[in-house]
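Asker: One structure, pasted below without further comment.
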Amino acid sequence: MDAIRLRDVPEQQVVAERRVVTQAELEAWLPGAMARVAERARAAGGLLGTADWPFLERTGADEPVFLAIYEGNPNEAPTEVEVCATVAAGGDRTVPAHREAYQRVTKGVVTSGELGKVYEAVERWVTDNGLAVARAPRETYWTDFGDAADGDEVFDVAFPVS
């Protein structure tokens, strides 16, 4: 796995969809929710992508950016999850500017069942480095998970910190 890093995230306008889900429900709901918020973002004036967010440090083709914000752990109990697509203006709400600790995740980490270890590692790094978790953890997606190969980076696990 990649090293855990810090980055400053600018304020983001988003269109969003929320649902309370278990892990099994999340896996079924997430792809459709991403498609629906992407459609709404396009109708609202444009779905922003990796070219619009240089802090993501993504090169290559411009890919849409999505956030999945978790108010708990869907493996433990039904949890509110919010899926967001970034837009230039308008949208449903604003995600405030913040600093976050994050780690890149490959599809293989997810399909092998090791994603929980990434969350644990980032949260431990935050504490070990004298920081505090400031808001709910999130995943920042920038590629089509289904089309990705096991070794491809597909999203970041991030914790806003203070």
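By order of appearance in the structure tokens: chains A, B, ..., then residues from 1 within every chain, and ligands from 1 in the order shown.
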Using only C-alpha atoms, determine which residues lie at most 12 Å from region 35-43 of chain A, disregarding the query and same-chain residues fewer than 5 positions distant; provide the list as a PyMOL selection string.
Answerer: chain A and resi 13-18+29-30+48-49+63-68+82-92+144
Asker: For Tyr70 (chain A), find every residue with an atom within 7 Å (counting only C-alpha atoms), except residues of its own chain fewer than 4 positions away, and show them as a list in words.
Answerer: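 Everything that qualifies: Glu80, Val81, Glu82, Ala136, Pro137 and Arg138 of chain A.
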Asker: Compare A:Ala44, A:Tyr102, A:Asp147, A:Ala77 by their minimum atom-to-atom distance to Val20 (chain A), counting only C-alpha atoms, and give me the closest one.
Answerer: A:Ala77
Asker: When you count only C-alpha atoms, which of these residues is closest to Glu120 (chain A): A:Ala134, A:Leu47, A:Ala149, A:Ala158?
Answerer: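 Between A:Ala134, A:Leu47, A:Ala149, A:Ala158, the residue approaching Glu120 (chain A) most closely is A:Ala158.
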Asker: So which residues of chain A fall under alpha helix (DSSP H) by DSSP, listed as number ranges by chain?
Answerer: A: 23-43, 107-111, 115-128
Asker: Separation of CA of Ala24 (chain A) and CA of Glu153 (chain A), in Å?
Answerer: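 Between CA of Ala24 (chain A) and CA of Glu153 (chain A) the gap works out to 22.6 Å.
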Asker: Please, which residues of region 54-106 of chain A, numbered as in this document, come out strand (DSSP E) from DSSP, as a PDB file with N, CA and C atoms, in the first residue's frame?
Answerer:
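The resulting file, part.pdb, is shown below:
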```
ATOM      1  N   PHE A  66     -16.111  11.603  -7.528  1.00  0.00           N
ATOM      2  CA  PHE A  66     -17.225  11.328  -6.624  1.00  0.00           C
ATOM      3  C   PHE A  66     -16.699  11.191  -5.204  1.00  0.00           C
ATOM      4  N   LEU A  67     -17.519  11.567  -4.244  1.00  0.00           N
ATOM      5  CA  LEU A  67     -17.219  11.341  -2.835  1.00  0.00           C
ATOM      6  C   LEU A  67     -18.263  10.403  -2.270  1.00  0.00           C
ATOM      7  N   ALA A  68     -17.832   9.494  -1.425  1.00  0.00           N
ATOM      8  CA  ALA A  68     -18.745   8.674  -0.627  1.00  0.00           C
ATOM      9  C   ALA A  68     -18.363   8.948   0.823  1.00  0.00           C
ATOM     10  N   ILE A  69     -19.277   9.584   1.565  1.00  0.00           N
ATOM     11  CA  ILE A  69     -19.013  10.000   2.948  1.00  0.00           C
ATOM     12  C   ILE A  69     -19.770   9.072   3.881  1.00  0.00           C
ATOM     13  N   TYR A  70     -19.042   8.474   4.830  1.00  0.00           N
ATOM     14  CA  TYR A  70     -19.595   7.453   5.723  1.00  0.00           C
ATOM     15  C   TYR A  70     -19.753   7.996   7.136  1.00  0.00           C
ATOM     16  N   THR A  79     -25.741   2.279   8.222  1.00  0.00           N
ATOM     17  CA  THR A  79     -25.004   3.540   8.325  1.00  0.00           C
ATOM     18  C   THR A  79     -25.466   4.496   7.243  1.00  0.00           C
ATOM     19  N   GLU A  80     -25.535   5.788   7.596  1.00  0.00           N
ATOM     20  CA  GLU A  80     -25.837   6.786   6.572  1.00  0.00           C
ATOM     21  C   GLU A  80     -24.610   6.991   5.695  1.00  0.00           C
ATOM     22  N   VAL A  81     -24.833   6.887   4.392  1.00  0.00           N
ATOM     23  CA  VAL A  81     -23.782   7.120   3.401  1.00  0.00           C
ATOM     24  C   VAL A  81     -24.305   8.180   2.442  1.00  0.00           C
ATOM     25  N   GLU A  82     -23.448   9.127   2.118  1.00  0.00           N
ATOM     26  CA  GLU A  82     -23.794  10.177   1.168  1.00  0.00           C
ATOM     27  C   GLU A  82     -22.860  10.052  -0.032  1.00  0.00           C
ATOM     28  N   VAL A  83     -23.434   9.960  -1.227  1.00  0.00           N
ATOM     29  CA  VAL A  83     -22.659   9.930  -2.461  1.00  0.00           C
ATOM     30  C   VAL A  83     -22.801  11.289  -3.120  1.00  0.00           C
ATOM     31  N   CYS A  84     -21.669  11.889  -3.473  1.00  0.00           N
ATOM     32  CA  CYS A  84     -21.656  13.247  -4.019  1.00  0.00           C
ATOM     33  C   CYS A  84     -20.905  13.284  -5.343  1.00  0.00           C
ATOM     34  N   ALA A  85     -21.388  14.144  -6.246  1.00  0.00           N
ATOM     35  CA  ALA A  85     -20.666  14.477  -7.470  1.00  0.00           C
ATOM     36  C   ALA A  85     -20.362  15.969  -7.402  1.00  0.00           C
ATOM     37  N   THR A  86     -19.149  16.345  -7.748  1.00  0.00           N
ATOM     38  CA  THR A  86     -18.746  17.741  -7.648  1.00  0.00           C
ATOM     39  C   THR A  86     -19.203  18.528  -8.874  1.00  0.00           C
ATOM     40  N   VAL A  87     -19.650  19.778  -8.620  1.00  0.00           N
ATOM     41  CA  VAL A  87     -20.108  20.675  -9.676  1.00  0.00           C
ATOM     42  C   VAL A  87     -19.448  22.038  -9.483  1.00  0.00           C
ATOM     43  N   ARG A  93     -25.374  21.061  -1.720  1.00  0.00           N
ATOM     44  CA  ARG A  93     -24.712  21.564  -0.527  1.00  0.00           C
ATOM     45  C   ARG A  93     -23.236  21.819  -0.825  1.00  0.00           C
ATOM     46  N   THR A  94     -22.561  22.381   0.177  1.00  0.00           N
ATOM     47  CA  THR A  94     -21.135  22.657   0.078  1.00  0.00           C
ATOM     48  C   THR A  94     -20.387  21.745   1.038  1.00  0.00           C
ATOM     49  N   VAL A  95     -19.359  21.103   0.544  1.00  0.00           N
ATOM     50  CA  VAL A  95     -18.428  20.376   1.409  1.00  0.00           C
ATOM     51  C   VAL A  95     -17.350  21.392   1.759  1.00  0.00           C
ATOM     52  N   HIS A  98     -11.022  21.693   3.765  1.00  0.00           N
ATOM     53  CA  HIS A  98     -10.459  20.983   4.915  1.00  0.00           C
ATOM     54  C   HIS A  98      -9.115  20.376   4.544  1.00  0.00           C
ATOM     55  N   ARG A  99      -8.409  19.929   5.545  1.00  0.00           N
ATOM     56  CA  ARG A  99      -7.175  19.154   5.367  1.00  0.00           C
ATOM     57  C   ARG A  99      -7.539  17.707   5.636  1.00  0.00           C
ATOM     58  N   GLU A 100      -6.964  16.793   4.867  1.00  0.00           N
ATOM     59  CA  GLU A 100      -7.265  15.382   5.107  1.00  0.00           C
ATOM     60  C   GLU A 100      -6.025  14.510   4.983  1.00  0.00           C
ATOM     61  N   ALA A 101      -6.026  13.454   5.775  1.00  0.00           N
ATOM     62  CA  ALA A 101      -5.024  12.390   5.667  1.00  0.00           C
ATOM     63  C   ALA A 101      -5.653  11.324   4.780  1.00  0.00           C
ATOM     64  N   TYR A 102      -4.869  10.803   3.838  1.00  0.00           N
ATOM     65  CA  TYR A 102      -5.458   9.848   2.897  1.00  0.00           C
ATOM     66  C   TYR A 102      -4.445   8.797   2.457  1.00  0.00           C
ATOM     67  N   GLN A 103      -5.007   7.722   1.930  1.00  0.00           N
ATOM     68  CA  GLN A 103      -4.193   6.653   1.348  1.00  0.00           C
ATOM     69  C   GLN A 103      -4.871   6.162   0.084  1.00  0.00           C
ATOM     70  N   ARG A 104      -4.067   5.947  -0.963  1.00  0.00           N
ATOM     71  CA  ARG A 104      -4.568   5.407  -2.229  1.00  0.00           C
ATOM     72  C   ARG A 104      -4.935   3.941  -2.056  1.00  0.00           C
ATOM     73  N   VAL A 105      -5.973   3.527  -2.788  1.00  0.00           N
ATOM     74  CA  VAL A 105      -6.466   2.156  -2.692  1.00  0.00           C
ATOM     75  C   VAL A 105      -6.570   1.569  -4.091  1.00  0.00           C
ATOM     76  N   THR A 106      -6.093   0.335  -4.248  1.00  0.00           N
ATOM     77  CA  THR A 106      -6.249  -0.370  -5.515  1.00  0.00           C
ATOM     78  C   THR A 106      -7.507  -1.236  -5.467  1.00  0.00           C
TER      79      THR A 106
END
```
Asker: If you count only C-alpha atoms, which residues fall within 7 Å of Ser162 (chain A), apart from same-chain ones fewer than 3 positions away, as a PyMOL selection string?
Answerer: chain A and resi 131-134
Asker: If I take CA of Phe159 (chain A) and CA of Trp125 (chain A), how far is one from the other in Å, to one decimal?
Answerer: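 If I compute the distance from CA of Phe159 (chain A) to CA of Trp125 (chain A), I get 10.3 Å.
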Asker: CA of Pro54 (chain A) and CA of Val161 (chain A) are how many Å apart?
Answerer: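 Going from CA of Pro54 (chain A) over to CA of Val161 (chain A), I get 19.7 Å.
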Asker: Determine, counting only C-alpha atoms, which protein, DNA and RNA residues have an atom within 8 Å of an atom of Lys107 (chain A); residues of the same chain fewer than 5 positions away are not included. Present the result as a PDB file with N, CA, C and O atoms, in the first residue's frame.
Answerer:
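See selection_14.pdb below for the written result:
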```
ATOM      1  N   PHE A 145     -14.766   1.802 -11.130  1.00  0.00           N
ATOM      2  CA  PHE A 145     -14.304   0.658 -10.342  1.00  0.00           C
ATOM      3  C   PHE A 145     -14.490  -0.657 -11.103  1.00  0.00           C
ATOM      4  O   PHE A 145     -13.605  -1.504 -11.114  1.00  0.00           O
ATOM      5  N   ALA A 148     -11.802  -1.292 -13.743  1.00  0.00           N
ATOM      6  CA  ALA A 148     -10.410  -1.247 -13.281  1.00  0.00           C
ATOM      7  C   ALA A 148      -9.829  -2.654 -13.112  1.00  0.00           C
ATOM      8  O   ALA A 148     -10.547  -3.604 -12.796  1.00  0.00           O
ATOM      9  N   ALA A 149      -8.519  -2.765 -13.302  1.00  0.00           N
ATOM     10  CA  ALA A 149      -7.789  -4.007 -13.027  1.00  0.00           C
ATOM     11  C   ALA A 149      -7.412  -4.029 -11.550  1.00  0.00           C
ATOM     12  O   ALA A 149      -7.415  -2.994 -10.878  1.00  0.00           O
ATOM     13  N   ASP A 150      -7.080  -5.198 -11.021  1.00  0.00           N
ATOM     14  CA  ASP A 150      -6.756  -5.327  -9.598  1.00  0.00           C
ATOM     15  C   ASP A 150      -5.655  -4.378  -9.134  1.00  0.00           C
ATOM     16  O   ASP A 150      -5.706  -3.875  -8.019  1.00  0.00           O
ATOM     17  N   GLY A 151      -4.678  -4.096  -9.969  1.00  0.00           N
ATOM     18  CA  GLY A 151      -3.568  -3.234  -9.579  1.00  0.00           C
ATOM     19  C   GLY A 151      -3.826  -1.749  -9.775  1.00  0.00           C
ATOM     20  O   GLY A 151      -3.002  -0.923  -9.399  1.00  0.00           O
ATOM     21  N   ASP A 152      -4.968  -1.402 -10.348  1.00  0.00           N
ATOM     22  CA  ASP A 152      -5.283   0.007 -10.607  1.00  0.00           C
ATOM     23  C   ASP A 152      -5.738   0.720  -9.336  1.00  0.00           C
ATOM     24  O   ASP A 152      -6.541   0.189  -8.565  1.00  0.00           O
ATOM     25  N   GLU A 153      -5.244   1.951  -9.142  1.00  0.00           N
ATOM     26  CA  GLU A 153      -5.730   2.794  -8.049  1.00  0.00           C
ATOM     27  C   GLU A 153      -7.127   3.266  -8.422  1.00  0.00           C
ATOM     28  O   GLU A 153      -7.350   3.755  -9.533  1.00  0.00           O
ATOM     29  N   VAL A 154      -8.085   3.100  -7.501  1.00  0.00           N
ATOM     30  CA  VAL A 154      -9.470   3.412  -7.815  1.00  0.00           C
ATOM     31  C   VAL A 154     -10.062   4.517  -6.948  1.00  0.00           C
ATOM     32  O   VAL A 154     -11.014   5.182  -7.343  1.00  0.00           O
TER      33      VAL A 154
END
```
Asker: Excluding Thr50 (chain A) and residues on its chain fewer than 5 positions from it, collect all residues at most 9 Å away from it, counting only C-alpha atoms, and give them as a list in words.
Answerer: Phe55, Leu56, Glu57, Arg58, Thr59, Ala61, Asp62, Glu63, Pro64, Val65 and Trp142 of chain A
